[in-house]
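Participant: Structure file data-v2.pdb, PDB, C-alpha atoms, is pasted below:
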```pdb
ATOM      1  CA  MET A 640    -140.251 -31.651  51.197  1.00  0.00           C
ATOM      2  CA  SER A 641    -141.127 -33.489  54.438  1.00  0.00           C
ATOM      3  CA  CYS A 642    -144.860 -32.835  54.957  1.00  0.00           C
ATOM      4  CA  GLN A 643    -147.829 -31.242  53.223  1.00  0.00           C
ATOM      5  CA  ALA A 644    -147.641 -27.869  55.003  1.00  0.00           C
ATOM      6  CA  GLY A 645    -147.493 -24.806  52.812  1.00  0.00           C
ATOM      7  CA  ILE A 646    -144.180 -22.970  52.373  1.00  0.00           C
ATOM      8  CA  ASP A 647    -143.070 -19.847  50.542  1.00  0.00           C
ATOM      9  CA  ASP A 648    -140.826 -19.778  47.468  1.00  0.00           C
ATOM     10  CA  GLN A 649    -137.631 -19.325  49.522  1.00  0.00           C
ATOM     11  CA  HIS A 650    -138.061 -22.343  51.794  1.00  0.00           C
ATOM     12  CA  THR A 651    -137.975 -26.091  51.194  1.00  0.00           C
ATOM     13  CA  LEU A 652    -139.035 -27.030  54.755  1.00  0.00           C
ATOM     14  CA  CYS A 653    -141.926 -25.732  56.811  1.00  0.00           C
ATOM     15  CA  PRO A 654    -140.999 -24.306  60.260  1.00  0.00           C
ATOM     16  CA  GLU A 655    -142.095 -27.494  62.061  1.00  0.00           C
ATOM     17  CA  CYS A 656    -140.048 -29.818  59.821  1.00  0.00           C
ATOM     18  CA  GLU A 657    -137.051 -27.493  60.047  1.00  0.00           C
ATOM     19  CA  LEU A 658    -137.257 -27.643  63.851  1.00  0.00           C
ATOM     20  CA  ARG A 659    -137.510 -31.443  63.787  1.00  0.00           C
ATOM     21  CA  PHE A 660    -134.444 -31.702  61.558  1.00  0.00           C
ATOM     22  CA  ALA A 661    -132.494 -29.327  63.804  1.00  0.00           C
ATOM     23  CA  ILE A 662    -133.407 -31.391  66.885  1.00  0.00           C
ATOM     24  CA  ARG A 663    -132.384 -34.598  65.088  1.00  0.00           C
ATOM     25  CA  LEU A 664    -128.977 -33.050  64.344  1.00  0.00           C
ATOM     26  CA  LEU A 665    -128.527 -32.022  67.983  1.00  0.00           C
ATOM     27  CA  TRP A 666    -129.401 -35.525  69.205  1.00  0.00           C
ATOM     28  CA  PHE A 667    -126.396 -36.849  67.299  1.00  0.00           C
ATOM     29  CA  ILE A 668    -124.094 -35.152  69.838  1.00  0.00           C
ATOM     30  CA  PRO A 669    -124.924 -37.500  72.779  1.00  0.00           C
ATOM     31  CA  TRP A 670    -125.440 -40.433  70.411  1.00  0.00           C
ATOM     32  CA  LEU A 671    -121.917 -40.113  68.985  1.00  0.00           C
ATOM     33  CA  GLU A 672    -120.480 -39.908  72.491  1.00  0.00           C
ATOM     34  CA  ALA A 673    -122.231 -43.189  73.312  1.00  0.00           C
ATOM     35  CA  CYS A 674    -120.922 -44.731  70.064  1.00  0.00           C
ATOM     36  CA  ARG A 675    -117.359 -43.833  71.033  1.00  0.00           C
ATOM     37  CA  GLU A 676    -117.811 -45.859  74.233  1.00  0.00           C
ATOM     38  CA  PHE A 677    -118.622 -48.881  72.109  1.00  0.00           C
ATOM     39  CA  LEU A 678    -115.361 -48.659  70.192  1.00  0.00           C
ATOM     40  CA  ASP A 679    -114.061 -50.768  73.092  1.00  0.00           C
ATOM     41  CA  SER A 680    -114.747 -54.354  72.066  1.00  0.00           C
ATOM     42  CA  THR A 681    -115.263 -55.433  75.705  1.00  0.00           C
ATOM     43  CA  ALA A 682    -118.268 -53.102  76.032  1.00  0.00           C
ATOM     44  CA  HIS A 683    -121.734 -54.626  75.813  1.00  0.00           C
ATOM     45  CA  TYR A 684    -124.272 -53.090  73.461  1.00  0.00           C
ATOM     46  CA  GLY A 685    -127.532 -51.654  74.708  1.00  0.00           C
ATOM     47  CA  GLY A 686    -128.861 -49.036  77.083  1.00  0.00           C
ATOM     48  CA  HIS A 687    -126.199 -46.339  76.645  1.00  0.00           C
ATOM     49  CA  ALA A 688    -124.292 -47.919  79.577  1.00  0.00           C
ATOM     50  CA  PRO A 689    -121.364 -50.087  78.415  1.00  0.00           C
ATOM     51  CA  GLU A 690    -120.061 -52.703  80.818  1.00  0.00           C
ATOM     52  CA  ARG A 691    -116.699 -54.459  80.797  1.00  0.00           C
ATOM     53  CA  VAL A 692    -116.512 -58.223  81.081  1.00  0.00           C
ATOM     54  CA  ASN A 693    -113.773 -60.853  81.244  1.00  0.00           C
ATOM     55  CA  LEU A 694    -113.880 -62.704  77.939  1.00  0.00           C
ATOM     56  CA  PRO A 695    -112.521 -66.232  77.338  1.00  0.00           C
ATOM     57  CA  THR A 696    -110.263 -64.895  74.574  1.00  0.00           C
ATOM     58  CA  ALA A 697    -108.530 -61.583  74.075  1.00  0.00           C
ATOM     59  CA  PRO A 698    -110.851 -59.171  72.236  1.00  0.00           C
ATOM     60  CA  THR A 699    -110.077 -57.091  69.193  1.00  0.00           C
ATOM     61  CA  PRO A 700    -108.948 -53.721  70.633  1.00  0.00           C
ATOM     62  CA  ILE A 701    -111.693 -51.784  68.826  1.00  0.00           C
ATOM     63  CA  ARG A 702    -114.893 -52.518  66.966  1.00  0.00           C
ATOM     64  CA  LEU A 703    -114.033 -51.619  63.392  1.00  0.00           C
ATOM     65  CA  GLU A 704    -117.685 -51.432  62.348  1.00  0.00           C
ATOM     66  CA  VAL A 705    -118.296 -48.706  64.958  1.00  0.00           C
ATOM     67  CA  LEU A 706    -115.195 -46.821  63.819  1.00  0.00           C
ATOM     68  CA  ASP A 707    -116.418 -46.971  60.204  1.00  0.00           C
ATOM     69  CA  HIS A 708    -119.825 -45.684  61.269  1.00  0.00           C
ATOM     70  CA  LEU A 709    -118.316 -42.764  63.190  1.00  0.00           C
ATOM     71  CA  ASP A 710    -116.280 -41.837  60.099  1.00  0.00           C
ATOM     72  CA  LEU A 711    -119.430 -41.993  57.947  1.00  0.00           C
ATOM     73  CA  VAL A 712    -121.376 -39.736  60.326  1.00  0.00           C
ATOM     74  CA  SER A 713    -118.461 -37.289  60.496  1.00  0.00           C
ATOM     75  CA  ALA A 714    -118.237 -37.080  56.700  1.00  0.00           C
ATOM     76  CA  SER A 715    -121.992 -36.524  56.356  1.00  0.00           C
ATOM     77  CA  VAL A 716    -122.120 -33.880  59.070  1.00  0.00           C
ATOM     78  CA  GLN A 717    -119.176 -31.979  57.595  1.00  0.00           C
ATOM     79  CA  GLY A 718    -120.763 -32.272  54.134  1.00  0.00           C
ATOM     80  CA  LEU A 719    -123.960 -30.664  55.432  1.00  0.00           C
ATOM     81  CA  TRP A 720    -121.934 -27.949  57.190  1.00  0.00           C
ATOM     82  CA  ARG A 721    -120.114 -27.091  53.953  1.00  0.00           C
ATOM     83  CA  ARG A 722    -123.398 -27.109  52.044  1.00  0.00           C
ATOM     84  CA  LEU A 723    -124.894 -24.606  54.478  1.00  0.00           C
ATOM     85  CA  GLN A 724    -121.814 -22.395  54.808  1.00  0.00           C
ATOM     86  CA  GLY A 725    -120.872 -22.429  51.162  1.00  0.00           C
ATOM     87  CA  VAL A 726    -117.266 -22.510  49.939  1.00  0.00           C
ATOM     88  CA  ASP A 727    -115.568 -19.260  48.979  1.00  0.00           C
ATOM     89  CA  PRO A 728    -112.738 -20.042  46.496  1.00  0.00           C
ATOM     90  CA  LEU A 729    -111.059 -16.751  47.494  1.00  0.00           C
ATOM     91  CA  ASP A 730    -111.058 -17.575  51.215  1.00  0.00           C
ATOM     92  CA  TRP A 731    -110.033 -21.201  51.810  1.00  0.00           C
ATOM     93  CA  ARG A 732    -110.324 -20.804  55.603  1.00  0.00           C
ATOM     94  CA  ARG A 733    -114.126 -20.824  55.349  1.00  0.00           C
ATOM     95  CA  ASP A 734    -113.976 -24.482  54.344  1.00  0.00           C
ATOM     96  CA  MET A 735    -112.109 -25.538  57.502  1.00  0.00           C
ATOM     97  CA  CYS A 736    -114.811 -27.365  59.453  1.00  0.00           C
ATOM     98  CA  PRO A 737    -114.949 -27.386  63.236  1.00  0.00           C
ATOM     99  CA  ASP A 738    -115.189 -30.764  65.004  1.00  0.00           C
ATOM    100  CA  VAL A 739    -118.264 -32.925  64.455  1.00  0.00           C
ATOM    101  CA  GLU A 740    -120.093 -31.510  67.470  1.00  0.00           C
ATOM    102  CA  GLY A 741    -119.364 -27.970  66.265  1.00  0.00           C
ATOM    103  CA  CYS A 742    -120.634 -28.782  62.782  1.00  0.00           C
ATOM    104  CA  LEU A 743    -123.850 -30.218  64.269  1.00  0.00           C
ATOM    105  CA  LEU A 744    -124.415 -27.136  66.419  1.00  0.00           C
ATOM    106  CA  ASP A 745    -123.725 -24.787  63.483  1.00  0.00           C
ATOM    107  CA  ALA A 746    -125.993 -26.739  61.124  1.00  0.00           C
ATOM    108  CA  ALA A 747    -128.886 -26.984  63.589  1.00  0.00           C
ATOM    109  CA  ALA A 748    -128.871 -23.209  64.122  1.00  0.00           C
ATOM    110  CA  HIS A 749    -128.103 -22.197  60.544  1.00  0.00           C
ATOM    111  CA  PRO A 750    -130.613 -19.801  58.933  1.00  0.00           C
ATOM    112  CA  ARG A 751    -130.391 -21.683  55.593  1.00  0.00           C
ATOM    113  CA  LEU A 752    -131.245 -25.102  57.050  1.00  0.00           C
ATOM    114  CA  GLY A 753    -134.832 -24.879  55.808  1.00  0.00           C
ATOM    115  CA  MET A 754    -133.888 -23.331  52.460  1.00  0.00           C
ATOM    116  CA  LEU A 755    -131.614 -25.951  50.843  1.00  0.00           C
ATOM    117  CA  PRO A 756    -132.884 -27.115  47.419  1.00  0.00           C
ATOM    118  CA  ASP A 757    -131.567 -30.635  48.098  1.00  0.00           C
ATOM    119  CA  ILE A 758    -132.914 -30.850  51.669  1.00  0.00           C
ATOM    120  CA  GLY A 759    -134.772 -34.097  50.842  1.00  0.00           C
ATOM    121  CA  MET A 760    -131.461 -35.879  50.263  1.00  0.00           C
ATOM    122  CA  TRP A 761    -130.084 -34.643  53.599  1.00  0.00           C
ATOM    123  CA  LEU A 762    -133.230 -35.671  55.468  1.00  0.00           C
ATOM    124  CA  ASP A 763    -133.022 -39.219  54.067  1.00  0.00           C
ATOM    125  CA  GLU A 764    -129.305 -39.473  54.792  1.00  0.00           C
ATOM    126  CA  PHE A 765    -129.632 -38.442  58.426  1.00  0.00           C
ATOM    127  CA  ARG A 766    -132.659 -40.693  58.968  1.00  0.00           C
ATOM    128  CA  GLN A 767    -130.520 -43.653  57.868  1.00  0.00           C
ATOM    129  CA  LEU A 768    -127.591 -42.529  60.013  1.00  0.00           C
ATOM    130  CA  GLU A 769    -129.913 -42.193  63.012  1.00  0.00           C
ATOM    131  CA  ALA A 770    -131.230 -45.732  62.559  1.00  0.00           C
ATOM    132  CA  LYS A 771    -127.720 -47.209  62.320  1.00  0.00           C
ATOM    133  CA  THR A 772    -126.490 -45.172  65.301  1.00  0.00           C
ATOM    134  CA  LEU A 773    -129.350 -46.264  67.545  1.00  0.00           C
ATOM    135  CA  ASN A 774    -128.870 -49.841  66.391  1.00  0.00           C
ATOM    136  CA  ILE A 775    -125.356 -49.680  67.853  1.00  0.00           C
ATOM    137  CA  ILE A 776    -126.179 -48.132  71.222  1.00  0.00           C
ATOM    138  CA  ASP A 777    -129.728 -49.403  71.867  1.00  0.00           C
ATOM    139  CA  VAL A 778    -130.109 -53.074  70.963  1.00  0.00           C
ATOM    140  CA  PRO A 779    -133.492 -54.440  72.198  1.00  0.00           C
ATOM    141  CA  GLU A 780    -133.346 -56.922  75.077  1.00  0.00           C
ATOM    142  CA  ASN A 781    -134.773 -59.744  72.962  1.00  0.00           C
ATOM    143  CA  MET A 782    -131.807 -59.521  70.558  1.00  0.00           C
ATOM    144  CA  ARG A 783    -128.888 -61.901  70.969  1.00  0.00           C
ATOM    145  CA  VAL A 784    -125.563 -62.393  69.232  1.00  0.00           C
ATOM    146  CA  ILE A 785    -125.695 -65.279  66.746  1.00  0.00           C
ATOM    147  CA  GLY A 786    -122.291 -64.910  65.064  1.00  0.00           C
ATOM    148  CA  ARG A 787    -120.734 -62.700  62.417  1.00  0.00           C
ATOM    149  CA  CYS A 788    -121.991 -61.467  59.061  1.00  0.00           C
ATOM    150  CA  LEU A 789    -121.131 -64.031  56.364  1.00  0.00           C
ATOM    151  CA  ASN A 790    -120.251 -61.296  53.871  1.00  0.00           C
ATOM    152  CA  SER A 791    -116.473 -61.684  53.472  1.00  0.00           C
ATOM    153  CA  LEU A 792    -116.118 -57.913  53.076  1.00  0.00           C
ATOM    154  CA  CYS A 793    -118.085 -57.196  56.259  1.00  0.00           C
ATOM    155  CA  GLY A 794    -117.895 -59.775  59.067  1.00  0.00           C
ATOM    156  CA  VAL A 795    -119.370 -57.583  61.813  1.00  0.00           C
ATOM    157  CA  GLU A 796    -121.144 -58.988  64.870  1.00  0.00           C
ATOM    158  CA  LEU A 797    -124.633 -60.150  63.883  1.00  0.00           C
ATOM    159  CA  LYS A 798    -127.691 -60.078  66.151  1.00  0.00           C
ATOM    160  CA  ALA A 799    -131.210 -61.445  65.719  1.00  0.00           C
ATOM    161  CA  PRO A 800    -134.395 -61.639  67.804  1.00  0.00           C
ATOM    162  CA  ILE A 801    -134.781 -64.834  69.806  1.00  0.00           C
ATOM    163  CA  GLY A 802    -136.489 -67.435  67.617  1.00  0.00           C
ATOM    164  CA  ALA A 803    -135.906 -65.555  64.343  1.00  0.00           C
ATOM    165  CA  ALA A 804    -135.142 -67.539  61.178  1.00  0.00           C
ATOM    166  CA  GLU A 805    -133.273 -64.709  59.417  1.00  0.00           C
ATOM    167  CA  ALA A 806    -130.943 -61.891  60.437  1.00  0.00           C
ATOM    168  CA  THR A 807    -130.052 -58.716  58.547  1.00  0.00           C
ATOM    169  CA  CYS A 808    -126.637 -57.111  58.957  1.00  0.00           C
ATOM    170  CA  ARG A 809    -126.937 -53.517  60.187  1.00  0.00           C
ATOM    171  CA  MET A 810    -123.795 -52.479  58.296  1.00  0.00           C
ATOM    172  CA  CYS A 811    -123.920 -54.077  54.826  1.00  0.00           C
ATOM    173  CA  GLY A 812    -127.651 -54.888  54.691  1.00  0.00           C
ATOM    174  CA  SER A 813    -127.131 -58.575  53.806  1.00  0.00           C
ATOM    175  CA  THR A 814    -129.748 -61.053  55.066  1.00  0.00           C
ATOM    176  CA  TRP A 815    -128.707 -64.526  56.246  1.00  0.00           C
ATOM    177  CA  GLN A 816    -130.335 -67.630  57.652  1.00  0.00           C
ATOM    178  CA  VAL A 817    -129.720 -67.782  61.413  1.00  0.00           C
ATOM    179  CA  LYS A 818    -128.819 -71.497  61.161  1.00  0.00           C
ATOM    180  CA  ASP A 819    -126.098 -70.716  58.581  1.00  0.00           C
ATOM    181  CA  VAL A 820    -124.619 -67.958  60.751  1.00  0.00           C
ATOM    182  CA  ARG A 821    -124.603 -70.257  63.795  1.00  0.00           C
ATOM    183  CA  LEU A 822    -122.996 -73.052  61.779  1.00  0.00           C
ATOM    184  CA  ALA A 823    -120.209 -70.684  60.667  1.00  0.00           C
ATOM    185  CA  LEU A 824    -119.747 -69.587  64.292  1.00  0.00           C
ATOM    186  CA  LEU A 825    -119.501 -73.210  65.428  1.00  0.00           C
ATOM    187  CA  ARG A 826    -116.935 -74.010  62.735  1.00  0.00           C
ATOM    188  CA  SER A 827    -114.792 -71.049  63.782  1.00  0.00           C
ATOM    189  CA  PHE A 828    -114.917 -72.207  67.415  1.00  0.00           C
ATOM    190  CA  LEU A 829    -114.022 -75.800  66.524  1.00  0.00           C
ATOM    191  CA  ASP A 830    -111.226 -74.837  64.111  1.00  0.00           C
ATOM    192  CA  SER A 831    -109.632 -72.600  66.741  1.00  0.00           C
ATOM    193  CA  GLY A 832    -108.624 -75.623  68.840  1.00  0.00           C
ATOM    194  CA  LYS A 833    -109.039 -73.534  71.982  1.00  0.00           C
ATOM    195  CA  ALA A 834    -109.970 -74.870  75.406  1.00  0.00           C
ATOM    196  CA  PHE A 835    -112.405 -73.388  77.921  1.00  0.00           C
ATOM    197  CA  PRO A 836    -113.876 -74.253  81.332  1.00  0.00           C
ATOM    198  CA  ALA A 837    -116.988 -76.433  81.264  1.00  0.00           C
ATOM    199  CA  GLY A 838    -119.420 -73.539  81.761  1.00  0.00           C
ATOM    200  CA  GLU A 839    -117.891 -71.489  78.950  1.00  0.00           C
ATOM    201  CA  CYS A 840    -117.831 -74.497  76.598  1.00  0.00           C
ATOM    202  CA  ALA A 841    -121.543 -74.994  77.231  1.00  0.00           C
ATOM    203  CA  SER A 842    -122.259 -71.295  76.742  1.00  0.00           C
ATOM    204  CA  LEU A 843    -120.379 -71.157  73.425  1.00  0.00           C
ATOM    205  CA  LEU A 844    -122.151 -74.253  72.127  1.00  0.00           C
ATOM    206  CA  ARG A 845    -125.538 -72.869  73.171  1.00  0.00           C
ATOM    207  CA  GLU A 846    -124.764 -69.705  71.195  1.00  0.00           C
ATOM    208  CA  CYS A 847    -124.417 -71.995  68.184  1.00  0.00           C
ATOM    209  CA  GLY A 848    -127.856 -73.483  68.828  1.00  0.00           C
ATOM    210  CA  LEU A 849    -126.737 -76.705  70.546  1.00  0.00           C
ATOM    211  CA  ALA A 850    -128.202 -77.993  73.825  1.00  0.00           C
ATOM    212  CA  ALA A 851    -125.123 -78.066  76.046  1.00  0.00           C
ATOM    213  CA  ASN A 852    -124.849 -78.053  79.832  1.00  0.00           C
ATOM    214  CA  GLY A 853    -121.820 -77.351  82.014  1.00  0.00           C
ATOM    215  CA  ASN A 854    -122.779 -80.023  84.552  1.00  0.00           C
ATOM    216  CA  THR A 855    -122.962 -82.632  81.787  1.00  0.00           C
ATOM    217  CA  ILE A 856    -119.431 -81.727  80.645  1.00  0.00           C
ATOM    218  CA  ARG A 857    -118.137 -82.058  84.226  1.00  0.00           C
ATOM    219  CA  SER A 858    -119.908 -85.421  84.501  1.00  0.00           C
ATOM    220  CA  TRP A 859    -118.106 -86.641  81.360  1.00  0.00           C
ATOM    221  CA  HIS A 860    -114.835 -85.662  83.018  1.00  0.00           C
ATOM    222  CA  ARG A 861    -115.654 -87.592  86.201  1.00  0.00           C
ATOM    223  CA  ARG A 862    -116.624 -90.651  84.131  1.00  0.00           C
ATOM    224  CA  LYS A 863    -113.295 -90.463  82.236  1.00  0.00           C
ATOM    225  CA  LEU A 864    -115.098 -89.785  78.953  1.00  0.00           C
ATOM    226  CA  LEU A 865    -113.473 -86.386  78.548  1.00  0.00           C
ATOM    227  CA  GLU A 866    -109.890 -85.458  79.325  1.00  0.00           C
ATOM    228  CA  PRO A 867    -109.050 -81.839  80.158  1.00  0.00           C
ATOM    229  CA  ALA A 868    -106.529 -80.032  77.997  1.00  0.00           C
ATOM    230  CA  GLY A 869    -105.042 -78.297  81.030  1.00  0.00           C
ATOM    231  CA  THR A 870    -106.070 -75.994  83.836  1.00  0.00           C
ATOM    232  CA  VAL A 871    -106.631 -72.277  84.282  1.00  0.00           C
ATOM    233  CA  GLY A 872    -106.153 -71.473  87.959  1.00  0.00           C
ATOM    234  CA  ASN A 873    -107.811 -74.426  89.654  1.00  0.00           C
ATOM    235  CA  LYS A 874    -110.327 -75.079  86.866  1.00  0.00           C
ATOM    236  CA  PRO A 875    -109.867 -77.767  84.216  1.00  0.00           C
ATOM    237  CA  VAL A 876    -110.346 -76.582  80.626  1.00  0.00           C
ATOM    238  CA  TYR A 877    -111.603 -78.697  77.733  1.00  0.00           C
ATOM    239  CA  ARG A 878    -111.055 -78.434  73.998  1.00  0.00           C
ATOM    240  CA  LEU A 879    -114.291 -77.315  72.452  1.00  0.00           C
ATOM    241  CA  GLN A 880    -113.942 -79.817  69.590  1.00  0.00           C
ATOM    242  CA  ASP A 881    -113.705 -82.682  72.127  1.00  0.00           C
ATOM    243  CA  VAL A 882    -116.838 -81.484  73.924  1.00  0.00           C
ATOM    244  CA  HIS A 883    -118.658 -81.106  70.611  1.00  0.00           C
ATOM    245  CA  ARG A 884    -117.651 -84.614  69.520  1.00  0.00           C
ATOM    246  CA  LEU A 885    -119.067 -86.121  72.718  1.00  0.00           C
ATOM    247  CA  LEU A 886    -122.194 -84.000  72.483  1.00  0.00           C
ATOM    248  CA  MET A 887    -122.871 -85.231  68.939  1.00  0.00           C
ATOM    249  CA  ARG A 888    -122.234 -88.841  69.967  1.00  0.00           C
ATOM    250  CA  HIS A 889    -124.737 -88.687  72.834  1.00  0.00           C
ATOM    251  CA  ALA A 890    -127.290 -86.962  70.598  1.00  0.00           C
ATOM    252  CA  GLU A 891    -127.370 -89.886  68.161  1.00  0.00           C
TER     253      GLU A 891
END
```
How would this structure read if it were set down as structure tokens?

Facilitator:
Amino acid sequence: MSCQAGIDDQHTLCPECELRFAIRLLWFIPWLEACREFLDSTAHYGGHAPERVNLPTAPTPIRLEVLDHLDLVSASVQGLWRRLQGVDPLDWRRDMCPDVEGCLLDAAAHPRLGMLPDIGMWLDEFRQLEAKTLNIIDVPENMRVIGRCLNSLCGVELKAPIGAAEATCRMCGSTWQVKDVRLALLRSFLDSGKAFPAGECASLLRECGLAANGNTIRSWHRRKLLEPAGTVGNKPVYRLQDVHRLLMRHAE
């Protein structure tokens, strides 16, 4: 089912493909552990080493898209485990799956792994799950956050390579123009009415594709062109909509 090697009538995978599938299943054990780290919305994606940062606004406690993905992997792994073990209607206890890691270990070592008639379906399913899992925990360095998916039923964090014109959502598969995603991000920032220090205002506006500089914002303050909305500690904070208005005026 996976290559052109010859197999006997009892098998649907050759020994080499069966070993590769077993290894792929075992790799999900450390991958899922890394995914669980990224349930924390203050963790940064990439490199299997989440870091915590102080954000300008309180984060969502968990990343719902990661939670949904973990549930999907769990359901698929338990489905494969049941397919391999079989279900005895006279002994319901045989259908009580161990935890996900236990199901992966059992499936990888199961003698029927290379004999399933529908093994092609399982291979495709776990290839897709692998791609989505690695997309969560290993984002390339040239990828940057551009906003959130514009699909109203999705809305997960969207990333794209630097300079890309389009971005594809890793969860729902929708493809969007980067400029439209950035425009939606800018609108959400402006509608929030929130205030940030000059450096954070500039950073947020740059994420939306605008050329903003923290020193320029401070200069507007000194020249009485921009009034702070208050202070945080000893730092003045500025409403993002006020900074954006001035930025657009000076760009004309």

Participant: Suppose you want the space between atom CA of Pro669 of chain A and atom CA of Pro800 of chain A; what is it in Å?

Facilitator: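 Atom CA of Pro800 of chain A lies 26.4 Å from atom CA of Pro669 of chain A.
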
Participant: Once the PyMOL selection byres ((chain A and resi 715) around 12) has been applied to the shown file, what residues remain in the selection, as a PDB file with C-alpha atoms, in the frame of the given file?

Facilitator:
```
ATOM      1  CA  LEU A 664    -128.977 -33.050  64.344  1.00  0.00           C
ATOM      2  CA  PHE A 667    -126.396 -36.849  67.299  1.00  0.00           C
ATOM      3  CA  HIS A 708    -119.825 -45.684  61.269  1.00  0.00           C
ATOM      4  CA  LEU A 709    -118.316 -42.764  63.190  1.00  0.00           C
ATOM      5  CA  ASP A 710    -116.280 -41.837  60.099  1.00  0.00           C
ATOM      6  CA  LEU A 711    -119.430 -41.993  57.947  1.00  0.00           C
ATOM      7  CA  VAL A 712    -121.376 -39.736  60.326  1.00  0.00           C
ATOM      8  CA  SER A 713    -118.461 -37.289  60.496  1.00  0.00           C
ATOM      9  CA  ALA A 714    -118.237 -37.080  56.700  1.00  0.00           C
ATOM     10  CA  VAL A 716    -122.120 -33.880  59.070  1.00  0.00           C
ATOM     11  CA  GLN A 717    -119.176 -31.979  57.595  1.00  0.00           C
ATOM     12  CA  GLY A 718    -120.763 -32.272  54.134  1.00  0.00           C
ATOM     13  CA  LEU A 719    -123.960 -30.664  55.432  1.00  0.00           C
ATOM     14  CA  TRP A 720    -121.934 -27.949  57.190  1.00  0.00           C
ATOM     15  CA  ARG A 721    -120.114 -27.091  53.953  1.00  0.00           C
ATOM     16  CA  ARG A 722    -123.398 -27.109  52.044  1.00  0.00           C
ATOM     17  CA  VAL A 739    -118.264 -32.925  64.455  1.00  0.00           C
ATOM     18  CA  CYS A 742    -120.634 -28.782  62.782  1.00  0.00           C
ATOM     19  CA  LEU A 743    -123.850 -30.218  64.269  1.00  0.00           C
ATOM     20  CA  ALA A 746    -125.993 -26.739  61.124  1.00  0.00           C
ATOM     21  CA  MET A 760    -131.461 -35.879  50.263  1.00  0.00           C
ATOM     22  CA  TRP A 761    -130.084 -34.643  53.599  1.00  0.00           C
ATOM     23  CA  LEU A 762    -133.230 -35.671  55.468  1.00  0.00           C
ATOM     24  CA  ASP A 763    -133.022 -39.219  54.067  1.00  0.00           C
ATOM     25  CA  GLU A 764    -129.305 -39.473  54.792  1.00  0.00           C
ATOM     26  CA  PHE A 765    -129.632 -38.442  58.426  1.00  0.00           C
ATOM     27  CA  ARG A 766    -132.659 -40.693  58.968  1.00  0.00           C
ATOM     28  CA  GLN A 767    -130.520 -43.653  57.868  1.00  0.00           C
ATOM     29  CA  LEU A 768    -127.591 -42.529  60.013  1.00  0.00           C
ATOM     30  CA  GLU A 769    -129.913 -42.193  63.012  1.00  0.00           C
TER      31      GLU A 769
END
```

Participant: Evaluating the PyMOL selection byres ((chain A and resi 868) around 9) on the displayed file yields which residues, as a list in words?

Facilitator: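 So the PyMOL selection byres ((chain A and resi 868) around 9) ends up selecting Ala834, Phe835, Glu866, Pro867, Gly869, Thr870, Pro875, Val876, Tyr877 and Arg878 of chain A.
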
Participant: Do you have the atom CA of Gln880 of chain A-atom CA of Leu829 of chain A distance handy?

Facilitator: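 Between atom CA of Gln880 of chain A and atom CA of Leu829 of chain A the gap works out to 5.1 Å.
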
Participant: Suppose a student applies the PyMOL selection byres ((chain A and resi 796) around 12) to this structure; what residues should they get, written as a PyMOL selection string?

Facilitator: chain A and resi 680+683-684+702-705+775+783-790+793-795+797-799+806-811+820-821+824
